[in-house]
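Trainee: Sharing a structure with you now.
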Amino acid sequence: AADGIISADEQNILLEKVNSDLNKERQKLSEIKSNSIIRADEALEKNIKTAEEQSSKLDNISFKSFDTIKDFENYILSKDKRKTKASKILAQTNDGVILQNSDGSQEIIINKEIAKKAGAINVGAHELLHGILYKTLKENPNAAVALGNSLTKQINKLDLSDPRALDFKQRLDLYKDEDAATRGEETLTLFGDATAQGLIKYDENLFTKTGDILRRIFDSVGYKRTFKSGRDVYNFI
């Protein structure tokens, strides 16, 4: 370059180098992303396999997983042909569900395609724990009452000037005449929703106490589930 002026040829050489460097960086990022996806998929498969093995040791809890949204939807629909719209919504939005059958059995159904998209690598264990929780609460009304009462107190403390809090309170009232197991499980679900939406703030003491109740419930059926801290309980819920 004479007098600081870059010639056309030099500009082309410079642009080629910049483009080459950018392409290399894109390739690196692509490889990192690809490797990350592979690791996540492997973790998901391992989690599902472990949960399936654990469920096989329990009475009245079966486990199924499907690779695609369509397969998941078809299975849900096979359980009730009248629920075409509901089956489609479930298949397109849920990484996993538990079906409560009329004979008292439970079916854990995993939607791998949605789980992968959502990064829900713990879906198998999460659904299994909720299945165990529901089963135990049904068989142990005292535990259900203890859990329900503990969580209901927290939901009742919500600021009802917030429309979301009022909605949770109204939804909780819908289950006041249900059996203890249903109230306990539904209260846990509402508590989890309220926590996810930021209405219930993280409190180490609150979640440690809740974890103690959950641990005793799991222990009663011989399923060892330890919570290392209140934060661990918070994440589970």
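Numbering starts fresh at 1 for the residues of each chain in the structure tokens, the chains themselves are lettered A, B, ... in the order given, and ligands are numbered from 1 as they appear.
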Extract, using only C-alpha atoms, all DNA, RNA and protein residues at most 10 Å from stretch 85-89 of chain A, discarding same-chain residues fewer than 2 positions from it, and format them as a PyMOL selection string.
Mentor: chain A and resi 69-70+72-83+91-94
Trainee: Using the selection just defined, write its residues with all heavy atoms as a short mmCIF file (atom, residue, chain, number, x, y, z; two decimals), in the first residue's frame.
Mentor:
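The file below, out_14.cif, is the result:
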```
data_model
loop_
_atom_site.label_atom_id
_atom_site.label_comp_id
_atom_site.auth_asym_id
_atom_site.auth_seq_id
_atom_site.Cartn_x
_atom_site.Cartn_y
_atom_site.Cartn_z
N ILE A 69 -42.89 -36.86 18.45
CA ILE A 69 -44.13 -36.25 18.92
C ILE A 69 -45.33 -37.05 18.42
O ILE A 69 -46.28 -37.29 19.16
CB ILE A 69 -44.23 -34.79 18.42
CG1 ILE A 69 -43.19 -33.93 19.15
CG2 ILE A 69 -45.63 -34.23 18.61
CD1 ILE A 69 -43.08 -32.51 18.63
N LYS A 70 -45.26 -37.49 17.15
CA LYS A 70 -46.38 -38.21 16.54
C LYS A 70 -46.63 -39.54 17.24
O LYS A 70 -47.79 -39.90 17.52
CB LYS A 70 -46.10 -38.44 15.05
CG LYS A 70 -47.30 -38.99 14.29
CD LYS A 70 -48.47 -38.02 14.35
CE LYS A 70 -49.68 -38.55 13.59
NZ LYS A 70 -50.86 -37.67 13.75
N PHE A 72 -45.83 -40.31 20.31
CA PHE A 72 -46.33 -39.96 21.64
C PHE A 72 -47.82 -39.64 21.55
O PHE A 72 -48.63 -40.13 22.35
CB PHE A 72 -45.54 -38.76 22.16
CG PHE A 72 -45.95 -38.27 23.53
CD1 PHE A 72 -45.33 -38.77 24.67
CD2 PHE A 72 -46.93 -37.30 23.69
CE1 PHE A 72 -45.69 -38.32 25.93
CE2 PHE A 72 -47.29 -36.84 24.94
CZ PHE A 72 -46.67 -37.35 26.06
N GLU A 73 -48.18 -38.81 20.58
CA GLU A 73 -49.58 -38.41 20.39
C GLU A 73 -50.47 -39.61 20.10
O GLU A 73 -51.56 -39.75 20.66
CB GLU A 73 -49.69 -37.40 19.24
CG GLU A 73 -51.11 -36.94 18.95
CD GLU A 73 -51.20 -36.05 17.72
OE1 GLU A 73 -50.15 -35.50 17.29
OE2 GLU A 73 -52.32 -35.90 17.19
N ASN A 74 -50.01 -40.49 19.23
CA ASN A 74 -50.80 -41.67 18.86
C ASN A 74 -51.06 -42.56 20.07
O ASN A 74 -52.16 -43.13 20.22
CB ASN A 74 -50.08 -42.48 17.77
CG ASN A 74 -50.13 -41.80 16.43
OD1 ASN A 74 -50.97 -40.93 16.18
ND2 ASN A 74 -49.22 -42.17 15.54
N TYR A 75 -50.06 -42.68 20.94
CA TYR A 75 -50.25 -43.53 22.12
C TYR A 75 -51.26 -42.89 23.08
O TYR A 75 -52.15 -43.58 23.60
CB TYR A 75 -48.94 -43.78 22.85
CG TYR A 75 -49.12 -44.72 24.02
CD1 TYR A 75 -49.27 -46.09 23.79
CD2 TYR A 75 -49.22 -44.25 25.32
CE1 TYR A 75 -49.49 -46.97 24.84
CE2 TYR A 75 -49.44 -45.11 26.37
CZ TYR A 75 -49.58 -46.47 26.13
OH TYR A 75 -49.82 -47.33 27.17
N ILE A 76 -51.11 -41.59 23.32
CA ILE A 76 -52.05 -40.90 24.20
C ILE A 76 -53.47 -41.03 23.65
O ILE A 76 -54.42 -41.29 24.39
CB ILE A 76 -51.68 -39.40 24.34
CG1 ILE A 76 -50.30 -39.24 24.98
CG2 ILE A 76 -52.74 -38.65 25.15
CD1 ILE A 76 -50.20 -39.69 26.41
N LEU A 77 -53.60 -40.86 22.34
CA LEU A 77 -54.91 -40.94 21.70
C LEU A 77 -55.48 -42.36 21.80
O LEU A 77 -56.70 -42.54 21.93
CB LEU A 77 -54.80 -40.53 20.23
CG LEU A 77 -56.11 -40.44 19.44
CD1 LEU A 77 -57.08 -39.45 20.08
CD2 LEU A 77 -55.83 -40.04 17.99
N SER A 78 -54.62 -43.38 21.78
CA SER A 78 -55.09 -44.76 21.86
C SER A 78 -55.76 -45.06 23.20
O SER A 78 -56.55 -45.99 23.31
CB SER A 78 -53.92 -45.74 21.65
OG SER A 78 -53.07 -45.77 22.79
N LYS A 79 -55.43 -44.23 24.20
CA LYS A 79 -56.03 -44.42 25.53
C LYS A 79 -57.46 -43.88 25.57
O LYS A 79 -58.26 -44.32 26.39
CB LYS A 79 -55.18 -43.72 26.59
CG LYS A 79 -53.70 -44.07 26.56
CD LYS A 79 -53.46 -45.53 26.86
CE LYS A 79 -53.72 -45.87 28.30
NZ LYS A 79 -53.35 -47.29 28.60
N ASP A 80 -57.74 -42.89 24.72
CA ASP A 80 -59.09 -42.31 24.68
C ASP A 80 -59.29 -41.63 23.33
O ASP A 80 -58.81 -40.53 23.11
CB ASP A 80 -59.28 -41.31 25.81
CG ASP A 80 -60.74 -40.86 25.96
OD1 ASP A 80 -61.50 -41.02 24.99
OD2 ASP A 80 -61.10 -40.37 27.04
N LYS A 81 -59.99 -42.30 22.43
CA LYS A 81 -60.18 -41.81 21.06
C LYS A 81 -60.94 -40.49 21.01
O LYS A 81 -60.90 -39.78 20.00
CB LYS A 81 -60.93 -42.85 20.23
CG LYS A 81 -60.20 -44.16 20.04
CD LYS A 81 -58.96 -43.99 19.16
CE LYS A 81 -58.31 -45.34 18.86
NZ LYS A 81 -57.07 -45.19 18.07
N ARG A 82 -61.63 -40.13 22.09
CA ARG A 82 -62.43 -38.91 22.07
C ARG A 82 -61.57 -37.66 22.26
O ARG A 82 -62.02 -36.55 22.00
CB ARG A 82 -63.48 -38.96 23.18
CG ARG A 82 -64.51 -40.09 23.02
CD ARG A 82 -65.31 -40.27 24.28
NE ARG A 82 -64.46 -40.65 25.41
CZ ARG A 82 -64.90 -40.79 26.67
NH1 ARG A 82 -66.17 -40.59 26.94
NH2 ARG A 82 -64.06 -41.14 27.62
N LYS A 83 -60.35 -37.83 22.75
CA LYS A 83 -59.53 -36.68 23.12
C LYS A 83 -58.49 -36.34 22.05
O LYS A 83 -57.30 -36.21 22.35
CB LYS A 83 -58.86 -36.93 24.47
CG LYS A 83 -59.86 -37.09 25.61
CD LYS A 83 -59.17 -37.23 26.95
CE LYS A 83 -60.17 -37.31 28.10
NZ LYS A 83 -59.51 -37.45 29.41
N ALA A 91 -48.97 -33.71 23.20
CA ALA A 91 -47.81 -34.18 22.43
C ALA A 91 -46.91 -33.03 21.99
O ALA A 91 -45.70 -33.19 21.89
CB ALA A 91 -48.28 -34.97 21.21
N GLN A 92 -47.49 -31.87 21.74
CA GLN A 92 -46.72 -30.75 21.22
C GLN A 92 -46.11 -29.88 22.32
O GLN A 92 -45.27 -29.03 22.04
CB GLN A 92 -47.61 -29.90 20.31
CG GLN A 92 -48.00 -30.61 19.02
CD GLN A 92 -48.96 -29.82 18.17
OE1 GLN A 92 -49.52 -28.81 18.60
NE2 GLN A 92 -49.18 -30.26 16.93
N THR A 93 -46.54 -30.10 23.56
CA THR A 93 -46.08 -29.20 24.64
C THR A 93 -45.44 -29.90 25.83
O THR A 93 -44.77 -29.26 26.63
CB THR A 93 -47.26 -28.36 25.17
OG1 THR A 93 -48.28 -29.25 25.67
CG2 THR A 93 -47.85 -27.49 24.07
N ASN A 94 -45.62 -31.22 25.97
CA ASN A 94 -45.14 -31.92 27.17
C ASN A 94 -44.00 -32.87 26.88
O ASN A 94 -44.08 -33.68 25.96
CB ASN A 94 -46.29 -32.70 27.82
CG ASN A 94 -47.25 -31.82 28.59
OD1 ASN A 94 -47.16 -31.71 29.81
ND2 ASN A 94 -48.15 -31.18 27.88
#
```
Trainee: Residues within 7 Å of A:Val97, please, as a list of chain:residue names. Count only C-alpha atoms; anything in the same chain fewer than 4 positions from it doesn't count.
Mentor: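 Selected residues are A:Ile108, A:Ile109, A:Ile110, A:Glu127.
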Trainee: Keeping only N, CA and C atoms, write the selected residues to a file as a PDB file, in the first residue's frame.
Mentor:
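The resulting file, result00.pdb, is shown below:
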```pdb
ATOM      1  N   ILE A 108     -46.094 -43.781  33.045  1.00  0.00           N
ATOM      2  CA  ILE A 108     -45.216 -42.649  32.763  1.00  0.00           C
ATOM      3  C   ILE A 108     -44.899 -42.683  31.273  1.00  0.00           C
ATOM      4  N   ILE A 109     -45.213 -41.597  30.576  1.00  0.00           N
ATOM      5  CA  ILE A 109     -45.013 -41.535  29.130  1.00  0.00           C
ATOM      6  C   ILE A 109     -44.048 -40.394  28.816  1.00  0.00           C
ATOM      7  N   ILE A 110     -42.926 -40.719  28.173  1.00  0.00           N
ATOM      8  CA  ILE A 110     -41.897 -39.724  27.868  1.00  0.00           C
ATOM      9  C   ILE A 110     -41.905 -39.371  26.381  1.00  0.00           C
ATOM     10  N   GLU A 127     -40.488 -37.428  36.306  1.00  0.00           N
ATOM     11  CA  GLU A 127     -41.814 -38.033  36.217  1.00  0.00           C
ATOM     12  C   GLU A 127     -41.930 -39.242  37.142  1.00  0.00           C
TER      13      GLU A 127
END
```
Trainee: Sort by chain and increasing residue number a table of all residues of stretch 92-185 of chain A within 12 Å of stretch 26-43 of chain A, each with its closest pair of atoms and their distance in Å to one decimal, counting only C-alpha atoms, and write it as a Markdown table.
Mentor:
```
| residue | atom | partner | partner_atom | distance |
| --- | --- | --- | --- | --- |
| A:Lys112 | CA | A:Asp41 | CA | 9.3 |
| A:Glu113 | CA | A:Asp41 | CA | 10.2 |
| A:Ile114 | CA | A:Asp41 | CA | 11.7 |
| A:Ala115 | CA | A:Asp41 | CA | 9.3 |
| A:Lys116 | CA | A:Asp41 | CA | 6.7 |
| A:Lys117 | CA | A:Ile37 | CA | 9.8 |
| A:Ala118 | CA | A:Ala40 | CA | 10.6 |
| A:Gly119 | CA | A:Ala40 | CA | 7.2 |
| A:Ala120 | CA | A:Ala40 | CA | 8.9 |
| A:Ile121 | CA | A:Ala43 | CA | 6.1 |
| A:Asn122 | CA | A:Ala43 | CA | 8.2 |
| A:Val123 | CA | A:Ala43 | CA | 10.6 |
| A:Gly124 | CA | A:Ala43 | CA | 10.7 |
| A:Ala125 | CA | A:Ala43 | CA | 11.7 |
```
Trainee: Could the residues of stretch 10-72 of chain A that have an atom at most 12 Å from stretch 213-229 of chain A be listed as JSON lines, each with its closest atom pair and the distance in Å to one decimal, counting only C-alpha atoms and ordered by chain and ascending residue number?
Mentor:
```
{"residue": "A:Gln54", "atom": "CA", "partner": "A:Tyr223", "partner_atom": "CA", "distance": 9.3}
{"residue": "A:Ser55", "atom": "CA", "partner": "A:Tyr223", "partner_atom": "CA", "distance": 10.6}
{"residue": "A:Lys57", "atom": "CA", "partner": "A:Tyr223", "partner_atom": "CA", "distance": 10.3}
{"residue": "A:Leu58", "atom": "CA", "partner": "A:Val221", "partner_atom": "CA", "distance": 9.2}
{"residue": "A:Asp59", "atom": "CA", "partner": "A:Val221", "partner_atom": "CA", "distance": 10.6}
```
Trainee: Write the residues you've just listed into a file as a PDB file, in the first residue's frame, and include N, CA and C atoms for each of them.
Mentor:
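Final output, saved to part_8.pdb:
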```pdb
ATOM      1  N   GLN A  54     -35.846 -48.349  37.293  1.00  0.00           N
ATOM      2  CA  GLN A  54     -36.381 -48.134  38.639  1.00  0.00           C
ATOM      3  C   GLN A  54     -37.886 -48.408  38.674  1.00  0.00           C
ATOM      4  N   SER A  55     -38.594 -47.961  37.641  1.00  0.00           N
ATOM      5  CA  SER A  55     -40.048 -48.132  37.621  1.00  0.00           C
ATOM      6  C   SER A  55     -40.430 -49.608  37.547  1.00  0.00           C
ATOM      7  N   LYS A  57     -39.259 -51.924  39.153  1.00  0.00           N
ATOM      8  CA  LYS A  57     -39.189 -52.512  40.492  1.00  0.00           C
ATOM      9  C   LYS A  57     -40.387 -52.114  41.352  1.00  0.00           C
ATOM     10  N   LEU A  58     -41.234 -51.232  40.824  1.00  0.00           N
ATOM     11  CA  LEU A  58     -42.360 -50.713  41.598  1.00  0.00           C
ATOM     12  C   LEU A  58     -43.683 -51.288  41.094  1.00  0.00           C
ATOM     13  N   ASP A  59     -44.612 -51.458  42.009  1.00  0.00           N
ATOM     14  CA  ASP A  59     -45.928 -51.977  41.643  1.00  0.00           C
ATOM     15  C   ASP A  59     -46.775 -50.894  40.991  1.00  0.00           C
TER      16      ASP A  59
END
```
Trainee: Between atom CA of A:Gly230 and atom CA of A:Leu174, what is the spacing in Å?
Mentor: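 Distance reported for this atom pair: 28.7 Å.
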Trainee: As a list in words, please: the residues near A:Arg231 (cut-off 7 Å, only C-alpha atoms, same-chain neighbours under 3 positions excluded).
Mentor: Glu204, Tyr234 and Asn235 of chain A
Trainee: Produce a file of the selected residues containing all heavy atoms, as a short mmCIF file (atom, residue, chain, number, x, y, z; two decimals), in the first residue's frame.
Mentor:
```
data_model
loop_
_atom_site.label_atom_id
_atom_site.label_comp_id
_atom_site.auth_asym_id
_atom_site.auth_seq_id
_atom_site.Cartn_x
_atom_site.Cartn_y
_atom_site.Cartn_z
N GLU A 204 -34.48 -20.91 52.14
CA GLU A 204 -33.78 -22.14 52.52
C GLU A 204 -34.55 -22.93 53.58
O GLU A 204 -34.72 -24.14 53.48
CB GLU A 204 -32.38 -21.81 53.04
CG GLU A 204 -31.56 -23.02 53.50
CD GLU A 204 -31.11 -23.92 52.35
OE1 GLU A 204 -31.06 -23.44 51.20
OE2 GLU A 204 -30.83 -25.11 52.62
N TYR A 234 -36.07 -27.08 45.94
CA TYR A 234 -36.63 -26.01 45.10
C TYR A 234 -36.57 -26.40 43.63
O TYR A 234 -37.55 -26.28 42.90
CB TYR A 234 -35.83 -24.74 45.36
CG TYR A 234 -36.18 -23.54 44.49
CD1 TYR A 234 -37.20 -22.66 44.84
CD2 TYR A 234 -35.47 -23.27 43.33
CE1 TYR A 234 -37.50 -21.56 44.07
CE2 TYR A 234 -35.76 -22.18 42.53
CZ TYR A 234 -36.77 -21.32 42.91
OH TYR A 234 -37.06 -20.23 42.13
N ASN A 235 -35.44 -26.94 43.21
CA ASN A 235 -35.26 -27.34 41.80
C ASN A 235 -36.16 -28.52 41.46
O ASN A 235 -36.70 -28.60 40.35
CB ASN A 235 -33.80 -27.69 41.53
CG ASN A 235 -32.90 -26.47 41.54
OD1 ASN A 235 -33.36 -25.37 41.30
ND2 ASN A 235 -31.64 -26.66 41.85
#
```
Trainee: Taking the chain letters and numbering used in this document, name the residues of stretch 57-209 of chain A that DSSP puts in strand (DSSP E), as a PyMOL selection string.
Mentor: chain A and resi 61-66+96-100+106-111
Trainee: Filtering to N, CA, C and O atoms, could you give me those residues as a compact mmCIF listing (two decimals), in the first residue's frame?
Mentor:
```txt
# COMPACT_ATOMS: atom_id res chain seq x y z
N ILE A 61 -46.66 -49.09 38.38
CA ILE A 61 -46.10 -47.95 37.65
C ILE A 61 -45.36 -48.49 36.43
O ILE A 61 -44.36 -49.18 36.57
N SER A 62 -45.87 -48.20 35.25
CA SER A 62 -45.21 -48.64 34.02
C SER A 62 -44.56 -47.43 33.34
O SER A 62 -44.86 -46.28 33.66
N PHE A 63 -43.66 -47.70 32.42
CA PHE A 63 -42.84 -46.64 31.82
C PHE A 63 -42.73 -46.87 30.31
O PHE A 63 -42.40 -47.96 29.86
N LYS A 64 -43.04 -45.83 29.55
CA LYS A 64 -42.90 -45.90 28.09
C LYS A 64 -42.26 -44.61 27.60
O LYS A 64 -42.52 -43.54 28.15
N SER A 65 -41.44 -44.72 26.57
CA SER A 65 -40.85 -43.52 25.96
C SER A 65 -41.00 -43.62 24.44
O SER A 65 -40.93 -44.71 23.87
N PHE A 66 -41.20 -42.46 23.81
CA PHE A 66 -41.40 -42.40 22.37
C PHE A 66 -40.44 -41.39 21.75
O PHE A 66 -40.22 -40.31 22.30
N GLY A 96 -43.14 -35.02 29.13
CA GLY A 96 -43.52 -36.23 29.84
C GLY A 96 -44.82 -36.04 30.60
O GLY A 96 -45.12 -34.93 31.03
N VAL A 97 -45.61 -37.10 30.74
CA VAL A 97 -46.85 -37.05 31.50
C VAL A 97 -47.00 -38.35 32.28
O VAL A 97 -46.36 -39.36 31.98
N ILE A 98 -47.88 -38.31 33.28
CA ILE A 98 -48.26 -39.52 34.00
C ILE A 98 -49.75 -39.72 33.82
O ILE A 98 -50.54 -38.82 34.13
N LEU A 99 -50.14 -40.88 33.32
CA LEU A 99 -51.55 -41.21 33.16
C LEU A 99 -52.01 -42.00 34.38
O LEU A 99 -51.38 -42.99 34.76
N GLN A 100 -53.09 -41.54 35.00
CA GLN A 100 -53.67 -42.24 36.13
C GLN A 100 -54.82 -43.09 35.60
O GLN A 100 -55.84 -42.58 35.17
N GLN A 106 -50.41 -46.49 37.16
CA GLN A 106 -49.91 -45.27 36.56
C GLN A 106 -49.02 -45.60 35.38
O GLN A 106 -48.27 -46.58 35.42
N GLU A 107 -49.09 -44.77 34.36
CA GLU A 107 -48.21 -44.93 33.20
C GLU A 107 -47.40 -43.66 33.01
O GLU A 107 -47.96 -42.57 32.83
N ILE A 108 -46.09 -43.78 33.05
CA ILE A 108 -45.22 -42.65 32.76
C ILE A 108 -44.90 -42.68 31.27
O ILE A 108 -44.40 -43.69 30.76
N ILE A 109 -45.21 -41.60 30.58
CA ILE A 109 -45.01 -41.53 29.13
C ILE A 109 -44.05 -40.39 28.82
O ILE A 109 -44.31 -39.24 29.17
N ILE A 110 -42.93 -40.72 28.17
CA ILE A 110 -41.90 -39.72 27.87
C ILE A 110 -41.91 -39.37 26.38
O ILE A 110 -41.93 -40.25 25.52
N ASN A 111 -41.87 -38.09 26.10
CA ASN A 111 -41.85 -37.55 24.74
C ASN A 111 -40.42 -37.06 24.46
O ASN A 111 -40.06 -35.93 24.76
```
Trainee: Work out how far apart atom CA of A:Lys135 and atom CA of A:Gly148 are and give it in Å to one decimal.
Mentor: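 Atom CA of A:Gly148 lies 14.9 Å from atom CA of A:Lys135.
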Trainee: List the neighbours of stretch 193-196 of chain A out to 9 Å using only C-alpha atoms; skip same-chain residues closer than 4 positions along the sequence, and give me the result as a list of chain:residue names.
Mentor: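 The neighbour list is A:Ile155, A:Arg164, A:Ala165, A:Phe168, A:Leu188, A:Thr189, A:Ile200, A:Lys201, A:Tyr202, A:Tyr234, A:Ile237.
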Trainee: Quote the spacing between atom CA of A:Leu172 and atom CA of A:Ala143 in Å to one decimal place.
Mentor: 18.2 Å
Trainee: Would you kindly return, as an MDAnalysis selection string, each protein, DNA or RNA residue with an atom no farther than 10 Å from any atom of A:Asp179, considering only C-alpha atoms and excluding same-chain residues fewer than 3 positions away?
Mentor: chainID A and resid 137:138 141 144:145 175:176 182:184
Trainee: Based on the selection just made, write N, CA, C and O atoms of those residues as a compact mmCIF listing (two decimals), in the first residue's frame.
Mentor:
```txt
# COMPACT_ATOMS: atom_id res chain seq x y z
N LEU A 137 -48.69 -40.94 48.47
CA LEU A 137 -49.69 -40.09 49.10
C LEU A 137 -51.04 -40.79 49.16
O LEU A 137 -51.80 -40.62 50.12
N LYS A 138 -51.34 -41.57 48.12
CA LYS A 138 -52.61 -42.29 48.09
C LYS A 138 -52.65 -43.38 49.15
O LYS A 138 -53.70 -43.66 49.73
N PRO A 141 -52.34 -41.42 53.78
CA PRO A 141 -53.09 -40.16 53.93
C PRO A 141 -52.44 -39.17 54.90
O PRO A 141 -52.51 -37.96 54.68
N ALA A 144 -49.86 -37.29 53.10
CA ALA A 144 -50.52 -36.39 52.15
C ALA A 144 -51.03 -35.14 52.85
O ALA A 144 -50.90 -34.02 52.35
N VAL A 145 -51.62 -35.35 54.02
CA VAL A 145 -52.15 -34.21 54.81
C VAL A 145 -51.01 -33.29 55.24
O VAL A 145 -51.10 -32.06 55.14
N TYR A 175 -59.86 -28.16 45.01
CA TYR A 175 -59.53 -29.50 45.49
C TYR A 175 -59.85 -29.71 46.97
O TYR A 175 -59.49 -30.73 47.54
N LYS A 176 -60.55 -28.76 47.58
CA LYS A 176 -60.79 -28.85 49.03
C LYS A 176 -61.63 -30.06 49.42
O LYS A 176 -61.54 -30.54 50.56
N THR A 182 -55.00 -36.71 46.52
CA THR A 182 -55.20 -35.79 45.41
C THR A 182 -54.87 -34.37 45.83
O THR A 182 -54.20 -33.63 45.08
N ARG A 183 -55.32 -33.96 47.02
CA ARG A 183 -55.02 -32.60 47.50
C ARG A 183 -53.52 -32.40 47.65
O ARG A 183 -52.98 -31.36 47.27
N GLY A 184 -52.84 -33.41 48.21
CA GLY A 184 -51.40 -33.28 48.41
C GLY A 184 -50.66 -33.14 47.10
O GLY A 184 -49.80 -32.26 46.94
```
